[in-house]
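Novice: Before I ask anything, here is the structure I am working with.
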Amino acid sequence: MKKKHELKEGTLAERIRQRSIIKRNTYRSKRVQLAPGTGRAGSRVTVGKDSSVVVATRTLPGLSVDLNRQLFYEACNDVLCMGGIPMGYIHNLVGDPGYSEESLRELAKNMGEMAQKCDMDYLGGDVMVASEAGDGCSTLVVMGKIVTEQCINNQSLKPGMDLVMTKFVGIAGTVWLTEHDWQEKLQRLPDDMVQRAREFGNDINGHAEAQVAWEAGVTAMHHTTQRGIFGDLWAFAEASGVGLTVDLKVIPIRQETIEICEAYDLNPYMIPAGGAFLIGTYDGKELVKKMQKQGCMATVIGKITEGAQRVVVHGEEERALLPHNNEIEGNIYRACRKDVI
């Protein structure tokens with residue numbers, strides 16, 4: 001009997017996603033302008049002579065309000081990275097019989113408030129209750145309208161481009177650890193530091209940064225994910241078939257993230273990084289200036305190169321970037337399951 005390959009907890013490894021999902025869905029109509037690919041779980045589709053839409057989806061384990069807030073903004077960011085303005089969402093939930101109607105109402109209320117702020121409509125969704133569901137799972141599908149003339153995607157990097165990063169490392173992972181401190185390792189840290197880190201969740205929305213990038217004519221964008229910044233750097237380069245060199249010292253990271261990751265003995269560059277954009281442009285300094293002028297944080301962190309070598313430089317040392325390892329992500333998800341509303 002042929003041995004089965006059991007999947008590991010966390011985001012599916014890219015090589016498995018490619019061979020078991022992408023390559024099994026071979027039909028492509030002329031409507032699809034941009035199909036799902038490496039590091040991209042969405043598509044750009046023509047719906048009329050002069051109109052296109054983008055669709056993106058995200059899934060996270062858990063039913064808490066905090067996790068779904070991150071899910072909402074991360075899915076919206078995926079749409080933004082394909083040149084679309086989010087217009088509506090579909091929200092699907094799977095919970096166990098212990099999940100209450102009161103919790104469901106509170107979750108729906110919070111999602112509705114976020115959608116109103118973003119001028120997005122609720123387009124539907126399904127809720128399934130099953131004893132096998134464990135602590136539940138949430139899936140969000142966001143639909144958006146294309147508003148850019150250029151086709152923006154994560155496979156347009158070219159050698160010679162500067163690599164710009166918005167915001168900072170580990171936003172989503174930092175928030176998860178503060179909100180689900182299941183081992184109480186953060187009690188030794190100052191309360192105000194933990195509170196500041198918990199509020200990082202307000203920084204995940206990327207509408208402002210995307211608008212600046214669009215106006216600057218950017219075509220290569222990638223939204224960071226559960227892979228961590230190291231995994232996302234690899235995926236961005238892999239999607240375009242290029243190499244890159246990144247200076248670790250200039251990757252923006254907050255002291256709160258460093259302290260919290262030290263408390264849990266985690267690498268801050270490998271925890272979920274949702275909320276930041278990676279952008280390829282031939283004039284990184286100019287793009288950073290435009291971002292800062294609009295009150296957005298951005299930093300030139302590296303250079304796109306020829307070939308397939310992808311490295312992070314720290315002084316005289318170099319570290320090769322490798323495909324995403326979901327071991328750390330799985331540990332954080334297991335923590336989240338212990339703190340469902």
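In the structure tokens, chains take the letters A, B, ... in the order shown, each chain's residues start at 1, and ligands count up from 1 in the order shown.
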Check the DSSP output for the backbone and give back, as a PyMOL selection string, the residues of region 111-277 of chain A in strand (DSSP E or B).

Specialist: chain A and resi 121-124+127-129+137-146+153+162-166+220-223+243-247+277

Novice: For the residues in the current selection, export C-alpha atoms as a PDB file, in the first residue's frame.

Specialist:
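Below you can see selection_8.pdb, which holds the result:
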```pdb
ATOM      1  CA  ASP A 121     -21.065  44.845   1.463  1.00  0.00           C
ATOM      2  CA  TYR A 122     -21.785  41.540   3.139  1.00  0.00           C
ATOM      3  CA  LEU A 123     -22.482  39.188   0.207  1.00  0.00           C
ATOM      4  CA  GLY A 124     -23.393  36.060   2.119  1.00  0.00           C
ATOM      5  CA  VAL A 127     -22.255  28.568   9.055  1.00  0.00           C
ATOM      6  CA  MET A 128     -21.804  24.879   9.808  1.00  0.00           C
ATOM      7  CA  VAL A 129     -21.906  23.363  13.297  1.00  0.00           C
ATOM      8  CA  CYS A 137     -12.422  27.697  11.394  1.00  0.00           C
ATOM      9  CA  SER A 138     -13.141  30.917   9.483  1.00  0.00           C
ATOM     10  CA  THR A 139     -12.874  31.529   5.736  1.00  0.00           C
ATOM     11  CA  LEU A 140     -13.262  34.897   4.086  1.00  0.00           C
ATOM     12  CA  VAL A 141     -13.697  35.552   0.365  1.00  0.00           C
ATOM     13  CA  VAL A 142     -13.237  39.182  -0.710  1.00  0.00           C
ATOM     14  CA  MET A 143     -14.288  40.511  -4.101  1.00  0.00           C
ATOM     15  CA  GLY A 144     -12.962  43.744  -5.549  1.00  0.00           C
ATOM     16  CA  LYS A 145     -13.140  45.918  -8.628  1.00  0.00           C
ATOM     17  CA  ILE A 146     -10.011  46.636 -10.641  1.00  0.00           C
ATOM     18  CA  ASN A 153       0.631  41.016  -9.248  1.00  0.00           C
ATOM     19  CA  ASP A 162      14.703  47.832  -5.343  1.00  0.00           C
ATOM     20  CA  LEU A 163      12.722  45.873  -2.771  1.00  0.00           C
ATOM     21  CA  VAL A 164      10.528  48.038  -0.546  1.00  0.00           C
ATOM     22  CA  MET A 165       8.688  46.868   2.556  1.00  0.00           C
ATOM     23  CA  THR A 166       5.813  48.751   4.170  1.00  0.00           C
ATOM     24  CA  ALA A 220       4.971  44.089  -8.481  1.00  0.00           C
ATOM     25  CA  MET A 221       3.312  43.723  -5.059  1.00  0.00           C
ATOM     26  CA  HIS A 222       3.048  40.925  -2.516  1.00  0.00           C
ATOM     27  CA  HIS A 223       1.102  40.890   0.750  1.00  0.00           C
ATOM     28  CA  GLY A 243      16.854  36.184  -6.875  1.00  0.00           C
ATOM     29  CA  LEU A 244      17.126  38.786  -4.155  1.00  0.00           C
ATOM     30  CA  THR A 245      19.459  40.123  -1.505  1.00  0.00           C
ATOM     31  CA  VAL A 246      18.045  41.618   1.688  1.00  0.00           C
ATOM     32  CA  ASP A 247      19.855  43.466   4.479  1.00  0.00           C
ATOM     33  CA  PHE A 277       3.487  44.771   1.628  1.00  0.00           C
TER      34      PHE A 277
END
```

Novice: What's around region 195-204 of chain A at 9 Å? Count only C-alpha atoms, leave out sequence neighbours fewer than 6 positions away in its own chain, and write the answer as a list in words.

Specialist: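 The neighbour list is Asp66, Arg69, Gln70, Tyr73, Glu74, Asn77, Lys167, Ile171, Ala172, Thr174, Val175, Trp176, Leu177, Thr178, Glu179, Arg254, Glu256, Thr257, Ile260, Gly274, Gly275 and Ala276 of chain A.
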
Novice: Which of region 115-289 of chain A counts as helix (DSSP H, G or I) under DSSP, as a PyMOL selection string please?

Specialist: chain A and resi 115-117+131-133+171-179+185-188+191-203+207-215+228-240+248-250+255-263+284-289

Novice: Within 12 Å of Glu318 (chain A), counting only C-alpha atoms, which residues show up once you throw out same-chain ones fewer than 2 positions away? Write them as a ChimeraX atom specification, please.

Specialist: /A:245-248,309-316,320-321

Novice: To one decimal in Å, tell me the separation between CA of Ile85 (chain A) and CA of Thr224 (chain A).

Specialist: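 Separation of CA of Ile85 (chain A) and CA of Thr224 (chain A): 18.0 Å.
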
Novice: Between A:Ser156, A:Ser29, A:Thr57, A:Gln226, which has the minimum distance to Val79 (chain A) (counting only C-alpha atoms)?

Specialist: A:Thr57

Novice: Please identify all polymer residues within 12 Å of Ser52 (chain A), counting only C-alpha atoms, omitting same-chain residues fewer than 2 positions from it, and present them as JSON, numbers by chain.

Specialist: {"A": [31, 32, 33, 34, 43, 44, 45, 46, 47, 48, 49, 50, 54, 55, 82, 83, 84, 85, 143, 144, 145, 146, 147, 148, 149, 151]}

Novice: Would you mind exporting N, CA, C and O atoms of the selected residues as a short mmCIF file (atom, residue, chain, number, x, y, z; two decimals), in the first residue's frame?

Specialist:
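Result file is result_28.cif:
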```cif
data_model
loop_
_atom_site.label_atom_id
_atom_site.label_comp_id
_atom_site.auth_asym_id
_atom_site.auth_seq_id
_atom_site.Cartn_x
_atom_site.Cartn_y
_atom_site.Cartn_z
N ARG A 31 -11.39 34.25 -19.61
CA ARG A 31 -11.82 35.25 -18.63
C ARG A 31 -10.75 35.52 -17.58
O ARG A 31 -10.68 36.62 -17.02
N VAL A 32 -9.94 34.51 -17.28
CA VAL A 32 -8.96 34.63 -16.19
C VAL A 32 -7.71 35.34 -16.71
O VAL A 32 -6.97 34.80 -17.52
N GLN A 33 -7.48 36.55 -16.23
CA GLN A 33 -6.30 37.32 -16.61
C GLN A 33 -5.11 36.98 -15.72
O GLN A 33 -3.96 37.05 -16.16
N LEU A 34 -5.38 36.66 -14.48
CA LEU A 34 -4.33 36.34 -13.51
C LEU A 34 -4.82 35.19 -12.66
O LEU A 34 -5.75 35.33 -11.88
N SER A 43 -7.42 35.56 -7.84
CA SER A 43 -7.41 35.67 -9.29
C SER A 43 -7.97 37.01 -9.74
O SER A 43 -8.72 37.67 -9.01
N ARG A 44 -7.61 37.37 -10.98
CA ARG A 44 -8.17 38.54 -11.65
C ARG A 44 -8.97 38.04 -12.84
O ARG A 44 -8.45 37.28 -13.67
N VAL A 45 -10.25 38.43 -12.92
CA VAL A 45 -11.16 37.86 -13.91
C VAL A 45 -11.88 38.97 -14.67
O VAL A 45 -12.36 39.94 -14.07
N THR A 46 -11.97 38.81 -16.00
CA THR A 46 -12.72 39.74 -16.82
C THR A 46 -14.21 39.40 -16.75
O THR A 46 -14.60 38.25 -16.91
N VAL A 47 -15.04 40.41 -16.47
CA VAL A 47 -16.49 40.18 -16.37
C VAL A 47 -17.27 40.96 -17.41
O VAL A 47 -18.49 40.91 -17.45
N GLY A 48 -16.59 41.67 -18.25
CA GLY A 48 -17.25 42.44 -19.31
C GLY A 48 -16.20 42.98 -20.25
O GLY A 48 -15.00 42.71 -20.10
N LYS A 49 -16.62 43.74 -21.22
CA LYS A 49 -15.69 44.26 -22.22
C LYS A 49 -14.61 45.12 -21.60
O LYS A 49 -13.43 45.03 -21.97
N ASP A 50 -14.98 45.97 -20.67
CA ASP A 50 -14.01 46.89 -20.07
C ASP A 50 -13.99 46.81 -18.54
O ASP A 50 -13.69 47.79 -17.86
N VAL A 54 -11.32 41.17 -8.99
CA VAL A 54 -10.36 40.28 -8.35
C VAL A 54 -11.06 39.60 -7.18
O VAL A 54 -11.94 40.18 -6.53
N VAL A 55 -10.66 38.38 -6.93
CA VAL A 55 -11.21 37.59 -5.84
C VAL A 55 -10.05 37.00 -5.05
O VAL A 55 -9.10 36.46 -5.64
N MET A 82 -3.55 43.04 -6.01
CA MET A 82 -3.85 42.72 -7.40
C MET A 82 -4.51 43.90 -8.11
O MET A 82 -5.06 43.77 -9.19
N GLY A 83 -4.45 45.09 -7.47
CA GLY A 83 -4.96 46.29 -8.09
C GLY A 83 -6.45 46.51 -7.94
O GLY A 83 -7.05 47.27 -8.70
N GLY A 84 -7.06 45.88 -6.94
CA GLY A 84 -8.50 46.00 -6.77
C GLY A 84 -8.90 46.70 -5.49
O GLY A 84 -8.19 46.63 -4.49
N ILE A 85 -10.04 47.37 -5.53
CA ILE A 85 -10.64 47.97 -4.34
C ILE A 85 -11.67 46.98 -3.79
O ILE A 85 -12.62 46.61 -4.50
N MET A 143 -14.19 40.17 -2.68
CA MET A 143 -14.29 40.51 -4.10
C MET A 143 -14.02 42.00 -4.27
O MET A 143 -14.47 42.82 -3.46
N GLY A 144 -13.29 42.35 -5.32
CA GLY A 144 -12.96 43.74 -5.55
C GLY A 144 -13.02 44.12 -7.01
O GLY A 144 -12.97 43.25 -7.90
N LYS A 145 -13.11 45.39 -7.26
CA LYS A 145 -13.14 45.92 -8.63
C LYS A 145 -11.78 46.49 -8.99
O LYS A 145 -11.16 47.21 -8.21
N ILE A 146 -11.29 46.13 -10.18
CA ILE A 146 -10.01 46.64 -10.64
C ILE A 146 -10.11 48.14 -10.90
O ILE A 146 -11.02 48.61 -11.58
N VAL A 147 -9.16 48.90 -10.34
CA VAL A 147 -9.17 50.34 -10.50
C VAL A 147 -7.85 50.87 -11.07
O VAL A 147 -7.67 52.06 -11.20
N THR A 148 -6.93 49.96 -11.39
CA THR A 148 -5.64 50.37 -11.92
C THR A 148 -5.51 49.96 -13.39
O THR A 148 -6.02 48.92 -13.79
N GLU A 149 -4.82 50.78 -14.16
CA GLU A 149 -4.59 50.44 -15.56
C GLU A 149 -3.54 49.33 -15.67
O GLU A 149 -3.66 48.45 -16.52
N CYS A 151 -1.49 45.94 -14.69
CA CYS A 151 -1.83 44.65 -14.08
C CYS A 151 -0.87 44.39 -12.93
O CYS A 151 0.30 44.05 -13.13
#
```
